[in-house]
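Read the structure below first, then the notes.
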Amino acid sequence: MESRCENCIVRQFNSLRAMSKEELKKVSDSKTTKIIKKGQPLFEEGDKLNGVYCVRNGVSKLSKLSANGKDQIVKLASKGEVMGQRSVISEEVTNLSAIAVSDMEVCFIPKDSITHTLQSNPNFTLEVLRHMAHDLKEADDVIVNISQKTVKQRIAEAFLYLKNNFGEDEDGFLALTLSREDISNVVGTATESAIRIISEFKKKGVIHTSGKKIGIKDERKLKELVEGF
């Protein structure tokens with residue numbers, strides 16, 4: 001299971017790719033690999049992080065607790081994502097919780113390895129900034145989506161996003177199975193509304209379901225729903 005950072009394909013997807021061989025070796029010597037079971041937290045909102053998590057396998061939901069006690073999922077972090085960078089660099093507590101939505105394999109990289117490289121390698125600093133800017137853009141998109149699109153449009157869009165990013169299994173269902181509550185937390189609505197819209201999509205023949213699993217039956221129709229037709 002243990003893999004050296006310098007040989008790890010996952011780093012090609014994140015800021016670690018800007019590290020030198022020597023820096024990667026140091027990171028590799030200091031990191032620990034952890035298995036996180038589905039439903040387990042990696043960290044919780046308000047935690048002080050003394051390192052970052054690099055996702056080798058599996059998916060985590062990053063969410064924020066709203067004033068009414070409901071989670072808003074702001075991002076699904078999968079293979080190659082580094083979680084906790086902002087918190088570690090700003091030396092602030094985390095503003096999000098990270099919980100595994102599938103079994104995960106993550107590498108925990110202690111803070112010192114990151115901060116030392118930030119000070120000595122400008123290419124790495126630039127890559128970290130680039131990834132943070134991308135996260136900010138995604139967060140802005142979430143805000144605009146919630147304020148400008150209907151719940152129906154957002155759910156249709158979520159299904160397309162899940163298909164495009166995580167693919168389908170051999171039976172034609174979305175490979176990443178989210179609970180109805182998670183789906184409602186992704187789109188920012190009440191669970192009952194999400195359940196109602198999902199069954200409406202099913203009646204229209206746009207999707208098919210089997211237990212918790214959801215499959216896309218008519219992608220064109222789903223795209224039309226996103227456009228508001």
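Going by the structure tokens order, chains are called A, B, ..., each with residues numbered from 1, while ligands are numbered from 1 in the order shown.
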
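Those residues that approach Glu192 (chain A) to within 12 Å, counting only C-alpha atoms, are Val151, Arg180, Glu181, Asp182, Ile183, Ser184, Asn185, Ile198 and Ser199 of chain A; same-chain residues fewer than 6 positions away are not listed.
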
Please save C-alpha atoms of the selected residues as a PDB file, in the first residue's frame.
ATOM      1  CA  VAL A 151     -33.772  23.191  -7.368  1.00  0.00           C
ATOM      2  CA  ARG A 180     -30.734  11.488  -0.906  1.00  0.00           C
ATOM      3  CA  GLU A 181     -29.628  13.728   1.972  1.00  0.00           C
ATOM      4  CA  ASP A 182     -26.199  14.254   0.386  1.00  0.00           C
ATOM      5  CA  ILE A 183     -27.832  15.129  -2.943  1.00  0.00           C
ATOM      6  CA  SER A 184     -30.022  17.703  -1.172  1.00  0.00           C
ATOM      7  CA  ASN A 185     -26.911  19.075   0.578  1.00  0.00           C
ATOM      8  CA  ILE A 198     -35.926  12.606  -8.021  1.00  0.00           C
ATOM      9  CA  SER A 199     -39.208  10.652  -8.181  1.00  0.00           C
TER      10      SER A 199
END

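Using only C-alpha atoms, the contacts of region 99-108 of chain A at a cut-off of 6 Å, with sequence neighbours closer than 6 positions omitted, comprise Lys31, Thr32, Thr33, Lys34, Ile35, Ile36, Lys37, Lys38, Gly39, Gln40, Pro41, Leu42, Val52, Tyr53, Cys54, Val55, Arg56, Asn57, Gly58, Val59, Ser60 and Lys61 of chain A.
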
If you run DSSP on the backbone here, which positions in region 48-227 of chain A get helix (DSSP H, G or I)? Please write them as a ChimeraX atom specification. /A:85-90,111-120,122-148,151-166,180-187,191-203,219-227

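Interatomic distance, CA of Ser63 (chain A) to CA of Ser3 (chain A): 29.0 Å.
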
Of A:Lys202, A:Lys79, A:Leu118, A:Ile89, the one nearest to Asn165 (chain A) when counting only C-alpha atoms is A:Lys79

Using only C-alpha atoms, the residue out of A:Pro110, A:Pro122, A:Lys64, A:Lys75 with shortest distance to Leu96 (chain A) is A:Lys64

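Counting only C-alpha atoms, the residue from A:Glu23, A:Glu81, A:Asp71, A:Asp218 that sits nearest to Asp135 (chain A) is A:Glu81.
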
Shell around Lys221 (chain A) at 10 Å using only C-alpha atoms, local window under 3 positions removed, as a PyMOL selection string | chain A and resi 156+201+204-207+216-218+224-227+229

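With only C-alpha atoms as the atoms that count, the residue of A:Ser87, A:Ile9, A:Ser78, A:Arg17 with the shortest distance to Gly46 (chain A) is A:Ser87.
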
*Can you pull out every residue within 12 Å of Asp140 (chain A), counting only C-alpha atoms, but drop anything in the same chain fewer than 6 positions away, and send it as a PyMOL selection string?*
chain A and resi 74-75+133-134+146-147

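CA of Arg130 (chain A) is found 22.8 Å from CA of Ser28 (chain A).
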
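From CA of Glu138 (chain A) back to CA of Lys213 (chain A), the distance works out to 26.1 Å.
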
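Distances from A:Glu22, A:Glu6, A:Glu168, A:Asp112 to Asn50 (chain A) were compared using only C-alpha atoms, and the smallest one belongs to A:Asp112.
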